[in-house]
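Enquirer: To be precise about what I am sending: the file is called protein_32.cif and holds mmCIF, C-alpha atoms.
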data_run
loop_
_atom_site.label_atom_id
_atom_site.label_comp_id
_atom_site.auth_asym_id
_atom_site.auth_seq_id
_atom_site.Cartn_x
_atom_site.Cartn_y
_atom_site.Cartn_z
CA MET O 8 0.00 0.00 0.00
CA SER O 9 0.95 3.62 -0.45
CA GLU O 10 2.93 5.25 2.32
CA ILE O 11 0.56 8.22 2.25
CA ALA O 12 -1.36 8.39 5.51
CA LEU O 13 -4.78 6.78 5.48
CA PRO O 14 -7.82 8.79 6.57
CA GLU O 15 -8.83 8.70 10.22
CA THR O 16 -12.05 7.08 11.37
CA ARG O 17 -14.64 9.36 12.94
CA TYR O 18 -18.19 8.81 14.19
CA ALA O 19 -21.53 10.40 13.37
CA LEU O 20 -24.53 9.89 15.62
CA SER O 21 -27.63 8.58 13.81
CA GLY O 22 -30.37 8.50 16.43
CA ASP O 23 -28.65 6.58 19.19
CA VAL O 24 -26.34 4.61 16.86
CA ASN O 25 -22.73 5.62 16.13
CA ILE O 26 -21.81 5.37 12.45
CA ALA O 27 -18.10 5.02 11.60
CA TYR O 28 -16.92 7.02 8.60
CA GLN O 29 -13.77 8.27 6.86
CA VAL O 30 -13.12 11.26 4.62
CA MET O 31 -10.47 11.37 1.90
CA GLY O 32 -9.62 14.39 -0.25
CA THR O 33 -10.62 18.07 -0.19
CA GLY O 34 -12.36 18.51 -3.52
CA PRO O 35 -15.15 21.05 -4.08
CA LEU O 36 -17.84 18.34 -4.23
CA ASP O 37 -18.65 15.32 -2.08
CA ILE O 38 -18.92 11.67 -3.07
CA VAL O 39 -20.58 9.37 -0.54
CA MET O 40 -19.77 5.68 -1.07
CA VAL O 41 -22.63 3.43 0.10
CA PRO O 42 -21.18 -0.04 0.85
CA GLY O 43 -22.48 -3.44 -0.14
CA PHE O 44 -22.83 -6.64 1.87
CA ILE O 45 -19.41 -6.38 3.57
CA SER O 46 -17.78 -3.26 4.97
CA HIS O 47 -15.08 -2.16 7.39
CA VAL O 48 -13.82 1.37 6.76
CA GLU O 49 -10.34 0.64 8.10
CA PHE O 50 -9.51 -2.93 7.12
CA THR O 51 -10.82 -2.58 3.55
CA HIS O 52 -7.73 -0.47 2.89
CA GLU O 53 -5.73 -3.70 3.19
CA LEU O 54 -7.36 -5.06 0.01
CA ALA O 55 -5.40 -4.54 -3.20
CA GLY O 56 -6.71 -1.66 -5.27
CA TYR O 57 -9.23 -0.28 -2.78
CA THR O 58 -7.24 2.69 -1.45
CA ALA O 59 -5.91 3.57 -4.91
CA PHE O 60 -9.47 3.67 -6.24
CA LEU O 61 -10.61 6.09 -3.54
CA ARG O 62 -7.50 8.25 -3.95
CA ARG O 63 -8.23 8.56 -7.66
CA LEU O 64 -11.73 9.79 -6.83
CA SER O 65 -10.27 12.16 -4.23
CA THR O 66 -8.34 14.03 -6.93
CA PHE O 67 -11.58 15.82 -7.81
CA ALA O 68 -13.85 15.24 -4.80
CA ARG O 69 -14.07 14.77 -1.06
CA VAL O 70 -14.74 11.03 -0.75
CA VAL O 71 -16.74 9.68 2.19
CA THR O 72 -16.90 6.01 3.19
CA PHE O 73 -18.86 4.57 6.10
CA ASP O 74 -19.92 1.33 7.76
CA LYS O 75 -23.63 0.58 7.91
CA ARG O 76 -25.09 0.21 11.37
CA GLY O 77 -24.46 -3.30 12.64
CA GLN O 78 -21.28 -3.72 10.58
CA GLY O 79 -17.60 -2.84 10.63
CA LEU O 80 -16.73 -0.17 13.17
CA SER O 81 -20.28 1.13 13.53
CA ASP O 82 -22.41 0.18 16.54
CA ARG O 83 -23.78 -3.35 16.52
CA ILE O 84 -27.57 -3.69 16.51
CA SER O 85 -30.13 -6.43 16.91
CA GLY O 86 -31.28 -7.86 13.58
CA ALA O 87 -30.75 -6.13 10.23
CA PRO O 88 -31.22 -2.41 9.57
CA SER O 89 -34.11 -1.33 7.36
CA LEU O 90 -33.55 0.76 4.24
CA GLU O 91 -35.06 3.71 6.11
CA GLN O 92 -32.51 3.35 8.93
CA ARG O 93 -29.70 3.08 6.39
CA MET O 94 -30.90 6.32 4.80
CA ASP O 95 -30.82 8.00 8.20
CA ASP O 96 -27.20 6.89 8.59
CA VAL O 97 -26.16 8.49 5.28
CA ARG O 98 -27.91 11.69 6.23
CA ALA O 99 -26.24 11.69 9.65
CA VAL O 100 -22.78 11.32 8.12
CA MET O 101 -23.45 14.09 5.60
CA ASP O 102 -24.70 16.39 8.35
CA GLU O 103 -21.65 15.60 10.50
CA ILE O 104 -19.19 16.66 7.78
CA GLY O 105 -21.26 19.65 6.66
CA SER O 106 -22.24 18.19 3.30
CA GLN O 107 -25.54 19.60 2.05
CA ARG O 108 -25.49 17.82 -1.32
CA ALA O 109 -23.40 14.93 -2.57
CA VAL O 110 -22.89 12.44 -5.34
CA ILE O 111 -24.23 9.15 -3.96
CA VAL O 112 -22.42 6.00 -5.16
CA GLY O 113 -24.24 2.79 -4.29
CA PHE O 114 -22.45 -0.55 -4.54
CA SER O 115 -24.26 -3.89 -4.83
CA GLU O 116 -26.96 -4.07 -2.14
CA GLY O 117 -26.14 -0.44 -1.31
CA SER O 118 -27.70 0.55 -4.63
CA ALA O 119 -31.23 0.00 -3.31
CA MET O 120 -30.76 2.32 -0.36
CA SER O 121 -29.00 4.86 -2.61
CA VAL O 122 -31.96 4.90 -4.99
CA LEU O 123 -34.40 5.35 -2.13
CA PHE O 124 -32.29 8.17 -0.68
CA ALA O 125 -32.11 9.97 -4.05
CA ALA O 126 -35.85 9.65 -4.62
CA THR O 127 -36.71 10.78 -1.08
CA TYR O 128 -34.14 13.57 -0.67
CA PRO O 129 -33.39 14.87 -4.20
CA GLU O 130 -32.32 18.21 -2.72
CA ARG O 131 -29.38 16.42 -1.06
CA VAL O 132 -28.27 14.39 -4.08
CA MET O 133 -26.38 15.96 -6.97
CA GLN O 134 -26.03 12.74 -8.94
CA LEU O 135 -26.57 9.03 -8.42
CA ILE O 136 -24.10 6.31 -9.46
CA LEU O 137 -24.93 2.62 -9.07
CA PHE O 138 -22.36 -0.16 -9.51
CA GLY O 139 -23.23 -3.86 -9.56
CA GLY O 140 -26.70 -3.05 -8.31
CA PHE O 141 -30.16 -4.52 -8.64
CA ALA O 142 -33.79 -3.48 -8.17
CA PHE O 143 -35.09 -6.89 -7.12
CA PRO O 144 -32.92 -10.02 -6.55
CA THR O 145 -34.67 -12.30 -9.04
CA PHE O 146 -31.30 -13.99 -9.60
CA LEU O 147 -31.53 -15.61 -6.16
CA SER O 148 -32.80 -19.15 -6.43
CA ASN O 149 -35.82 -20.45 -4.57
CA ASP O 150 -33.65 -22.34 -2.06
CA LEU O 151 -32.93 -19.11 -0.20
CA GLU O 152 -32.74 -20.62 3.29
CA GLU O 153 -30.23 -23.21 2.10
CA ARG O 154 -28.11 -20.61 0.34
CA VAL O 155 -28.08 -18.39 3.40
CA ALA O 156 -27.22 -21.34 5.65
CA ARG O 157 -24.21 -22.15 3.44
CA THR O 158 -23.06 -18.52 3.54
CA VAL O 159 -23.33 -18.36 7.33
CA LYS O 160 -21.50 -21.68 7.81
CA ALA O 161 -18.61 -20.57 5.60
CA TRP O 162 -18.51 -17.02 6.98
CA GLY O 163 -15.02 -15.93 7.94
CA THR O 164 -13.26 -18.35 5.58
CA GLY O 165 -13.17 -16.06 2.54
CA GLU O 166 -15.57 -18.26 0.60
CA ILE O 167 -17.68 -15.30 -0.51
CA MET O 168 -14.64 -13.85 -2.28
CA LYS O 169 -15.19 -16.39 -5.08
CA THR O 170 -18.21 -14.40 -6.19
CA VAL O 171 -17.07 -10.90 -5.13
CA ILE O 172 -13.51 -10.94 -6.51
CA PRO O 173 -13.17 -14.18 -8.53
CA SER O 174 -10.12 -12.78 -10.33
CA GLN O 175 -8.15 -13.03 -7.05
CA ALA O 176 -9.76 -16.13 -5.54
CA ALA O 177 -6.73 -18.31 -6.34
CA ASN O 178 -4.42 -15.96 -4.40
CA GLN O 179 -4.13 -17.45 -0.90
CA ASP O 180 -2.93 -14.21 0.67
CA ALA O 181 -5.85 -12.30 -0.85
CA LEU O 182 -8.23 -15.04 0.30
CA SER O 183 -6.90 -14.82 3.86
CA GLN O 184 -7.31 -11.04 3.85
CA PHE O 185 -10.87 -11.32 2.63
CA ALA O 186 -11.64 -13.94 5.26
CA LYS O 187 -10.47 -11.50 7.93
CA LEU O 188 -12.59 -8.75 6.36
CA GLU O 189 -15.63 -11.01 6.63
CA ARG O 190 -14.99 -11.65 10.33
CA LEU O 191 -14.40 -7.97 11.07
CA SER O 192 -17.40 -6.87 9.03
CA ALA O 193 -20.14 -8.77 10.84
CA SER O 194 -20.92 -11.83 12.94
CA PRO O 195 -22.49 -14.93 11.33
CA GLY O 196 -25.82 -14.16 12.99
CA ALA O 197 -25.83 -10.61 11.65
CA VAL O 198 -24.93 -11.91 8.20
CA ARG O 199 -27.92 -14.24 8.23
CA ALA O 200 -30.29 -11.39 9.16
CA ILE O 201 -28.81 -9.10 6.50
CA ALA O 202 -28.92 -11.78 3.78
CA LEU O 203 -32.58 -12.59 4.46
CA LEU O 204 -33.49 -8.90 4.43
CA ASN O 205 -31.61 -8.28 1.17
CA ALA O 206 -33.55 -11.08 -0.50
CA GLN O 207 -36.73 -9.10 0.15
CA ILE O 208 -35.47 -5.83 -1.37
CA ASP O 209 -37.74 -4.60 -4.16
CA ILE O 210 -37.36 -0.99 -5.25
CA ARG O 211 -38.92 -1.38 -8.70
CA SER O 212 -41.94 0.75 -7.80
CA ILE O 213 -39.85 3.78 -6.77
CA LEU O 214 -37.36 3.79 -9.66
CA PRO O 215 -39.58 6.00 -11.90
CA ALA O 216 -39.49 8.63 -9.13
CA VAL O 217 -35.70 9.09 -9.41
CA GLN O 218 -35.17 12.52 -10.98
CA VAL O 219 -31.46 13.14 -10.33
CA PRO O 220 -28.94 12.36 -13.09
CA THR O 221 -28.11 8.65 -12.80
CA LEU O 222 -25.26 6.47 -14.06
CA VAL O 223 -25.57 2.68 -13.82
CA LEU O 224 -22.35 0.64 -14.12
CA HIS O 225 -21.98 -3.15 -14.32
CA ARG O 226 -19.46 -5.77 -15.40
CA SER O 227 -20.69 -8.05 -18.15
CA ALA O 228 -19.77 -11.34 -16.44
CA ASP O 229 -20.42 -10.27 -12.82
CA VAL O 230 -20.56 -13.56 -10.91
CA ARG O 231 -22.55 -12.28 -7.94
CA VAL O 232 -25.13 -9.97 -9.56
CA PRO O 233 -25.83 -10.85 -13.22
CA ILE O 234 -25.57 -8.16 -15.88
CA GLU O 235 -29.30 -8.54 -16.59
CA ALA O 236 -30.02 -7.09 -13.14
CA GLY O 237 -27.97 -4.01 -13.94
CA ARG O 238 -29.64 -3.53 -17.31
CA ASP O 239 -33.08 -3.85 -15.74
CA LEU O 240 -32.14 -1.35 -13.03
CA ALA O 241 -31.00 1.24 -15.58
CA ALA O 242 -34.05 0.71 -17.80
CA ARG O 243 -36.43 1.57 -14.96
CA ILE O 244 -34.76 4.88 -14.01
CA PRO O 245 -35.75 7.89 -16.17
CA ASN O 246 -32.91 8.96 -18.50
CA ALA O 247 -30.33 6.79 -16.69
CA LYS O 248 -27.09 6.13 -18.54
CA PHE O 249 -25.87 2.51 -18.57
CA ILE O 250 -22.26 1.44 -19.14
CA GLU O 251 -21.11 -2.17 -19.31
CA TYR O 252 -17.51 -3.27 -18.65
CA PRO O 253 -15.68 -6.52 -19.33
CA GLY O 254 -14.74 -8.77 -16.42
CA ASP O 255 -16.39 -10.95 -13.77
CA ASP O 256 -15.45 -9.15 -10.54
CA HIS O 257 -18.30 -7.74 -8.50
CA ALA O 258 -16.04 -5.40 -6.49
CA TYR O 259 -15.59 -1.99 -8.10
CA TRP O 260 -11.95 -1.49 -7.02
CA THR O 261 -10.52 -4.59 -8.76
CA GLY O 262 -9.59 -5.43 -12.33
CA ASP O 263 -9.19 -2.75 -14.98
CA THR O 264 -10.58 0.30 -13.21
CA GLU O 265 -9.17 3.05 -15.44
CA ALA O 266 -12.17 3.25 -17.78
CA LEU O 267 -14.55 2.98 -14.83
CA LEU O 268 -12.88 5.83 -12.94
CA GLY O 269 -12.74 7.95 -16.08
CA ASP O 270 -16.46 7.46 -16.71
CA ILE O 271 -17.28 8.39 -13.11
CA GLU O 272 -15.15 11.54 -13.26
CA GLU O 273 -16.65 12.58 -16.59
CA PHE O 274 -20.19 12.00 -15.33
CA VAL O 275 -19.56 13.97 -12.13
CA THR O 276 -17.37 16.82 -13.40
CA GLY O 277 -17.98 16.89 -17.15
CA HIS O 278 -14.38 16.01 -18.02
CA ARG O 279 -11.76 13.31 -17.62
CA GLU O 280 -8.39 13.67 -15.96
CA SER O 281 -5.97 15.73 -18.01
CA SER O 282 -2.20 15.84 -17.68
CA SER O 283 -0.75 18.88 -15.96
CA THR O 284 0.72 20.11 -19.23
CA GLU O 285 -2.78 20.33 -20.74
CA LEU O 286 -4.20 22.43 -17.93
CA GLU O 287 -4.25 26.20 -18.17
CA ARG O 288 -3.31 27.80 -14.87
CA VAL O 289 -4.41 31.35 -14.14
CA LEU O 290 -4.73 33.65 -11.15
CA ALA O 291 -8.38 34.28 -10.25
CA THR O 292 -10.67 35.17 -7.39
CA VAL O 293 -13.02 32.30 -6.70
CA LEU O 294 -16.53 32.89 -5.34
CA PHE O 295 -18.70 30.18 -3.76
CA THR O 296 -22.23 30.95 -2.59
CA ASP O 297 -24.81 28.83 -0.84
CA ILE O 298 -28.45 29.24 0.17
CA VAL O 299 -28.77 29.18 3.96
CA ASP O 300 -30.91 26.32 5.32
CA SER O 301 -31.87 25.22 1.80
CA THR O 302 -32.94 21.75 2.89
CA ARG O 303 -35.36 23.06 5.49
CA SER O 304 -36.70 25.72 3.10
CA ALA O 305 -37.31 23.13 0.41
CA ALA O 306 -39.22 20.93 2.84
CA THR O 307 -41.32 23.86 4.06
CA MET O 308 -42.15 25.30 0.64
CA GLY O 309 -42.75 22.11 -1.31
CA ASP O 310 -41.12 20.95 -4.54
CA GLN O 311 -42.79 23.25 -7.07
CA ALA O 312 -42.46 26.47 -5.08
CA TRP O 313 -38.85 25.64 -4.19
CA ARG O 314 -38.02 24.94 -7.85
CA ARG O 315 -39.47 28.30 -8.92
CA LEU O 316 -37.41 30.07 -6.26
CA LEU O 317 -34.25 28.27 -7.38
CA ASP O 318 -34.92 29.35 -10.97
CA LYS O 319 -35.12 32.97 -9.78
CA HIS O 320 -31.89 32.46 -7.84
CA ASP O 321 -30.07 31.07 -10.89
CA GLU O 322 -31.28 33.86 -13.18
CA LEU O 323 -30.29 36.49 -10.64
CA ALA O 324 -26.83 34.89 -10.34
CA LYS O 325 -26.29 35.09 -14.11
CA GLN O 326 -27.23 38.76 -14.18
CA VAL O 327 -25.15 39.85 -11.21
CA VAL O 328 -22.03 37.86 -12.17
CA LYS O 329 -22.20 39.19 -15.74
CA LYS O 330 -22.62 42.75 -14.49
CA HIS O 331 -19.41 42.39 -12.46
CA ARG O 332 -17.51 40.88 -15.43
CA GLY O 333 -17.21 37.46 -13.82
CA ALA O 334 -17.50 33.95 -15.25
CA LEU O 335 -20.30 31.80 -13.87
CA ILE O 336 -18.69 28.35 -13.82
CA LYS O 337 -21.74 26.45 -12.64
CA THR O 338 -24.74 26.43 -10.37
CA THR O 339 -24.59 23.85 -7.60
CA GLY O 340 -28.31 23.38 -7.02
CA ASP O 341 -28.46 25.80 -4.11
CA GLY O 342 -25.48 28.02 -4.87
CA ILE O 343 -22.97 29.08 -7.50
CA LEU O 344 -19.27 28.85 -8.36
CA ALA O 345 -17.86 31.86 -10.22
CA THR O 346 -14.45 33.37 -10.98
CA PHE O 347 -13.23 36.93 -11.50
CA ASP O 348 -10.03 38.44 -12.84
CA GLY O 349 -10.30 41.21 -10.26
CA PRO O 350 -10.82 40.58 -6.52
CA GLY O 351 -12.59 43.90 -6.00
CA ARG O 352 -15.28 43.05 -8.54
CA ALA O 353 -15.60 39.61 -6.98
CA VAL O 354 -16.29 41.02 -3.52
CA ARG O 355 -18.73 43.62 -4.87
CA CYS O 356 -20.51 40.88 -6.82
CA ALA O 357 -20.85 38.73 -3.72
CA LEU O 358 -22.29 41.66 -1.74
CA ALA O 359 -24.68 42.64 -4.54
CA PHE O 360 -25.83 39.07 -5.11
CA GLY O 361 -26.46 38.55 -1.40
CA SER O 362 -28.45 41.79 -1.14
CA ALA O 363 -30.56 41.07 -4.25
CA ALA O 364 -31.22 37.47 -3.23
CA ASN O 365 -32.26 38.54 0.25
CA GLN O 366 -34.90 40.83 -1.27
CA ILE O 367 -36.64 37.83 -2.86
CA GLY O 368 -36.45 35.80 0.32
CA ILE O 369 -33.21 33.88 -0.29
CA PRO O 370 -30.56 34.34 2.42
CA LEU O 371 -27.08 33.58 1.09
CA ARG O 372 -23.60 33.06 2.43
CA ALA O 373 -20.50 33.60 0.29
CA GLY O 374 -16.80 32.77 0.48
CA LEU O 375 -13.95 34.18 -1.63
CA HIS O 376 -10.27 33.44 -2.09
CA THR O 377 -7.69 34.53 -4.66
CA GLY O 378 -5.16 32.05 -5.97
CA GLU O 379 -4.05 29.97 -8.93
CA ILE O 380 -6.75 27.82 -10.51
CA GLU O 381 -6.64 25.09 -13.14
CA VAL O 382 -8.94 25.68 -16.11
CA ARG O 383 -10.39 22.35 -17.25
CA GLY O 384 -12.56 23.14 -20.22
CA SER O 385 -15.70 24.73 -18.80
CA ASP O 386 -14.77 23.71 -15.23
CA ILE O 387 -12.03 24.73 -12.80
CA GLY O 388 -9.96 23.03 -10.14
CA GLY O 389 -7.02 23.62 -7.84
CA ILE O 390 -6.40 24.47 -4.21
CA ALA O 391 -7.86 27.99 -4.57
CA VAL O 392 -11.24 26.46 -5.36
CA HIS O 393 -11.07 24.26 -2.25
CA VAL O 394 -10.07 27.21 -0.05
CA ALA O 395 -12.97 29.36 -1.28
CA ALA O 396 -15.40 26.54 -0.51
CA ARG O 397 -13.96 26.12 2.99
CA VAL O 398 -14.09 29.89 3.61
CA MET O 399 -17.78 29.83 2.69
CA SER O 400 -18.39 27.01 5.16
CA GLN O 401 -17.44 29.41 8.00
CA CYS O 402 -20.04 31.99 6.97
CA GLN O 403 -23.09 33.06 8.92
CA SER O 404 -26.34 33.89 7.15
CA SER O 405 -26.14 36.91 4.79
CA GLU O 406 -22.37 37.15 5.32
CA VAL O 407 -19.54 37.47 2.80
CA LEU O 408 -16.25 36.08 4.11
CA VAL O 409 -12.88 36.47 2.37
CA SER O 410 -9.34 35.27 3.00
CA ARG O 411 -6.54 37.65 3.93
CA VAL O 412 -5.18 37.38 0.38
CA VAL O 413 -8.33 39.09 -0.90
CA THR O 414 -8.16 41.95 1.62
CA ASP O 415 -4.51 42.57 0.76
CA LEU O 416 -5.29 42.79 -2.96
CA VAL O 417 -8.22 45.21 -2.68
CA ALA O 418 -6.61 47.76 -0.36
CA GLY O 419 -7.81 51.24 -1.35
CA ALA O 420 -10.78 49.93 -3.33
CA GLY O 421 -13.36 51.40 -0.96
CA LEU O 422 -14.36 48.08 0.58
CA GLN O 423 -14.49 47.54 4.32
CA PHE O 424 -13.61 44.38 6.22
CA SER O 425 -14.14 43.23 9.79
CA GLU O 426 -11.93 40.60 11.38
CA ARG O 427 -13.66 37.28 11.97
CA GLY O 428 -10.76 35.41 13.52
CA SER O 429 -8.31 32.70 12.55
CA TYR O 430 -9.58 29.29 11.45
CA GLU O 431 -8.38 25.85 10.50
CA LEU O 432 -10.03 25.05 7.17
CA LYS O 433 -10.83 21.37 6.74
CA GLY O 434 -8.41 19.71 4.35
CA VAL O 435 -6.29 22.87 3.91
CA PRO O 436 -2.96 23.24 5.81
CA GLY O 437 -2.35 26.02 8.32
CA ARG O 438 -4.58 28.62 9.92
CA TRP O 439 -6.45 31.19 7.86
CA ASP O 440 -7.42 34.73 8.85
CA LEU O 441 -10.94 35.46 7.62
CA PHE O 442 -12.70 38.82 7.19
CA ALA O 443 -16.32 39.84 6.65
CA ALA O 444 -16.77 42.23 3.71
CA SER O 445 -19.03 45.28 3.51
CA THR O 446 -19.24 48.46 1.47
#
Please render this file's structure as structure tokens.

Expert:
Amino acid sequence: MSEIALPETRYALSGDVNIAYQVMGTGPLDIVMVPGFISHVEFTHELAGYTAFLRRLSTFARVVTFDKRGQGLSDRISGAPSLEQRMDDVRAVMDEIGSQRAVIVGFSEGSAMSVLFAATYPERVMQLILFGGFAFPTFLSNDLEERVARTVKAWGTGEIMKTVIPSQAANQDALSQFAKLERLSASPGAVRAIALLNAQIDIRSILPAVQVPTLVLHRSADVRVPIEAGRDLAARIPNAKFIEYPGDDHAYWTGDTEALLGDIEEFVTGHRESSSTELERVLATVLFTDIVDSTRSAATMGDQAWRRLLDKHDELAKQVVKKHRGALIKTTGDGILATFDGPGRAVRCALAFGSAANQIGIPLRAGLHTGEIEVRGSDIGGIAVHVAARVMSQCQSSEVLVSRVVTDLVAGAGLQFSERGSYELKGVPGRWDLFAAST
């Protein structure tokens, strides 16, 4: 494994159950990985390819992994958790890390809960990605009790690896590792309860309600979940994109993952990884804005009224950014990302946008930072983008916060700033002096 330090395990409280999670990367968007039948946020890093897969995702996103209640390092429970409880756990982890919206990636049995989460809380899901998933386990034979009994009897021996990672099943070291993962993931009794519950999963009726952009991925010779299940899943989701890959491994982090990772990045960001020589680097002031308490407002107003308000927000953003000679990179559902070639115009834009939005009942918060960005087609990247997002996360309602770099560059421009203290910004080294802007 790489010598780079692995992420630390933290806990989020979901009701009265502690959910173990890890965060990797500092990207401007969040990817939440919903696990399948087996999970252990720490020991899974011992499996070949797993950490490298997450690190590749973390080059453009903040990647979140967690253990379902009853498994891994999360609190043990009696019986198997319902899909509703699993949804609560995802929401608890997102709330704990301050993630209002995320890309949800569901793996295997985790796909069902991911679909339900996306259909129930579309305001918290940017995009939905399903790998090796199914809507209803028709591929399970009628002798369910016998199959489950065999699984429970062999639990902890690595036997299940033959259908999860058949490409490595002949490797005794890999088999021993997987056997340990099984034992650490759950007890035989818990496995029996989970297996019986999974056999009853049927989300076919809710698939037409999924409105977020969806990507369904599956390997053509998947031993554990047949390709037909993936095709059926994609066909039932409106406008879902389906991609099929060669291979028989069920695990997403094994085999030839380059095409898979490229497709995920392109779906999420609109582009694939480019070499550093192909990236244009420029100095810019980055502006992130966010609607305060958007989730609660959406729930209070209802879908149609909230959508109309968001449309007004987006149109207002275009007008104000254009007026201040900025570039609107994208809307984020309940906020915007924009860049400016002058920090003074960026601050004035943030103040004007906040004032105008407040007049139509939309309280905003905004964060700005000036630094070098990477221009990736119509998108941007780089540490300056991450810093601006983290600055925004420290904002109060109707506040515009900027880094010291911005205040230094706009001296004499007629803007006023009040000290807001020194902060550690998550994922960014050092302490940062932040200032509230006003005219």

Enquirer: For CA of Arg314 (chain O) and CA of Ala99 (chain O), determine how far apart the two atoms are, in Å to one decimal place.

Expert: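 These two atoms are separated by 24.9 Å.
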
Enquirer: Go through O:Pro350, O:Asp74, O:Arg372, O:Asp386 and flag the residue nearest Leu335 (chain O), using only C-alpha atoms for the distances.

Expert: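 Of all the options, O:Asp386 lies closest to Leu335 (chain O).
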
Enquirer: Exactly which residues make up the result of the PyMOL selection byres ((chain O and resi 417) around 12) on this file, given as a ChimeraX atom specification?

Expert: /O:292,349-355,376-377,409-416,418-424,444

Enquirer: Once the PyMOL selection byres ((chain O and resi 34-38) around 10) has been applied to the shown file, what residues remain in the selection, as a VMD selection string?

Expert: chain O and resid 30 to 33 39 to 41 64 to 72 101 104 106 to 112 132 to 136 275 to 276 295 339 344 387 to 390 392 to 397 434

Enquirer: Tell me which of O:Asp256, O:Glu152, O:Glu130, O:Arg332 sits closest to Trp313 (chain O), counting only C-alpha atoms.

Expert: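 Looking only at the distances to Trp313 (chain O), the closest residue turns out to be O:Glu130.
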
Enquirer: Of the candidates O:Lys75, O:Phe50, O:Pro245, O:Leu323, which shows the shortest atom-to-atom distance to Tyr18 (chain O), using all atoms listed in the file?

Expert: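 For Tyr18 (chain O), the nearest of the given residues is O:Lys75.
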
Enquirer: Quick one: pull the distance between CA of Gly56 (chain O) and CA of Asp263 (chain O), Å, one decimal.

Expert: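 Separation between CA of Gly56 (chain O) and CA of Asp263 (chain O): 10.1 Å.
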
Enquirer: Could you list, as a ChimeraX atom specification, every residue matched by the PyMOL selection byres ((chain O and resi 206-210) around 12) in this structure?

Expert: /O:44,89-90,115-124,126,140-152,154-155,199-205,211-217,239-240,243-244

Enquirer: Keeping C-alpha atoms for every residue in the selection just given, could you write it to a file as a CSV table (one decimal), keeping the file's coordinate frame?

Expert:
chain,number,residue,atom,x,y,z
O,44,PHE,CA,-22.8,-6.6,1.9
O,89,SER,CA,-34.1,-1.3,7.4
O,90,LEU,CA,-33.6,0.8,4.2
O,115,SER,CA,-24.3,-3.9,-4.8
O,116,GLU,CA,-27.0,-4.1,-2.1
O,117,GLY,CA,-26.1,-0.4,-1.3
O,118,SER,CA,-27.7,0.6,-4.6
O,119,ALA,CA,-31.2,0.0,-3.3
O,120,MET,CA,-30.8,2.3,-0.4
O,121,SER,CA,-29.0,4.9,-2.6
O,122,VAL,CA,-32.0,4.9,-5.0
O,123,LEU,CA,-34.4,5.4,-2.1
O,124,PHE,CA,-32.3,8.2,-0.7
O,126,ALA,CA,-35.8,9.6,-4.6
O,140,GLY,CA,-26.7,-3.0,-8.3
O,141,PHE,CA,-30.2,-4.5,-8.6
O,142,ALA,CA,-33.8,-3.5,-8.2
O,143,PHE,CA,-35.1,-6.9,-7.1
O,144,PRO,CA,-32.9,-10.0,-6.6
O,145,THR,CA,-34.7,-12.3,-9.0
O,146,PHE,CA,-31.3,-14.0,-9.6
O,147,LEU,CA,-31.5,-15.6,-6.2
O,148,SER,CA,-32.8,-19.2,-6.4
O,149,ASN,CA,-35.8,-20.4,-4.6
O,150,ASP,CA,-33.6,-22.3,-2.1
O,151,LEU,CA,-32.9,-19.1,-0.2
O,152,GLU,CA,-32.7,-20.6,3.3
O,154,ARG,CA,-28.1,-20.6,0.3
O,155,VAL,CA,-28.1,-18.4,3.4
O,199,ARG,CA,-27.9,-14.2,8.2
O,200,ALA,CA,-30.3,-11.4,9.2
O,201,ILE,CA,-28.8,-9.1,6.5
O,202,ALA,CA,-28.9,-11.8,3.8
O,203,LEU,CA,-32.6,-12.6,4.5
O,204,LEU,CA,-33.5,-8.9,4.4
O,205,ASN,CA,-31.6,-8.3,1.2
O,211,ARG,CA,-38.9,-1.4,-8.7
O,212,SER,CA,-41.9,0.8,-7.8
O,213,ILE,CA,-39.8,3.8,-6.8
O,214,LEU,CA,-37.4,3.8,-9.7
O,215,PRO,CA,-39.6,6.0,-11.9
O,216,ALA,CA,-39.5,8.6,-9.1
O,217,VAL,CA,-35.7,9.1,-9.4
O,239,ASP,CA,-33.1,-3.8,-15.7
O,240,LEU,CA,-32.1,-1.4,-13.0
O,243,ARG,CA,-36.4,1.6,-15.0
O,244,ILE,CA,-34.8,4.9,-14.0

Enquirer: Just checking: using only C-alpha atoms, which residue out of O:Ser362, O:Ser385, O:Thr346, O:Thr51 ends up closest to Leu188 (chain O)?

Expert: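 Looking only at the distances to Leu188 (chain O), the closest residue turns out to be O:Thr51.
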
Enquirer: Tell me, as a ChimeraX atom specification, which residues lie within 10 Å of Val198 (chain O), counting only C-alpha atoms; anything in the same chain fewer than 5 positions away does not count.

Expert: /O:44-45,77-78,86-87,155,158-159,162,189,192-193,203-204

Enquirer: Please indicate the distance in Å from CA of Ser81 (chain O) to CA of Gly43 (chain O), rounded to one decimal place.

Expert: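 CA of Gly43 (chain O) lies at a distance of 14.6 Å from CA of Ser81 (chain O).
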
Enquirer: In terms of the shortest atom-to-atom distance over all atoms listed in the file, which of O:Ser46, O:Gly237, O:Val97, O:Thr58 is closest to Ile26 (chain O)?

Expert: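 Nearest to Ile26 (chain O): O:Val97.
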
Enquirer: Which polymer residues, whether protein, DNA or RNA, lie within 12 Å of the coordinate (-9.3, -13.4, 0.6) when you count all atoms listed in the file? List them as JSON, numbers by chain, using the chain letters and numbers from the file.

Expert: {"O": [51, 53, 54, 55, 162, 163, 164, 165, 166, 167, 168, 169, 170, 171, 172, 173, 174, 175, 176, 177, 178, 179, 180, 181, 182, 183, 184, 185, 186, 187, 188, 189, 190]}
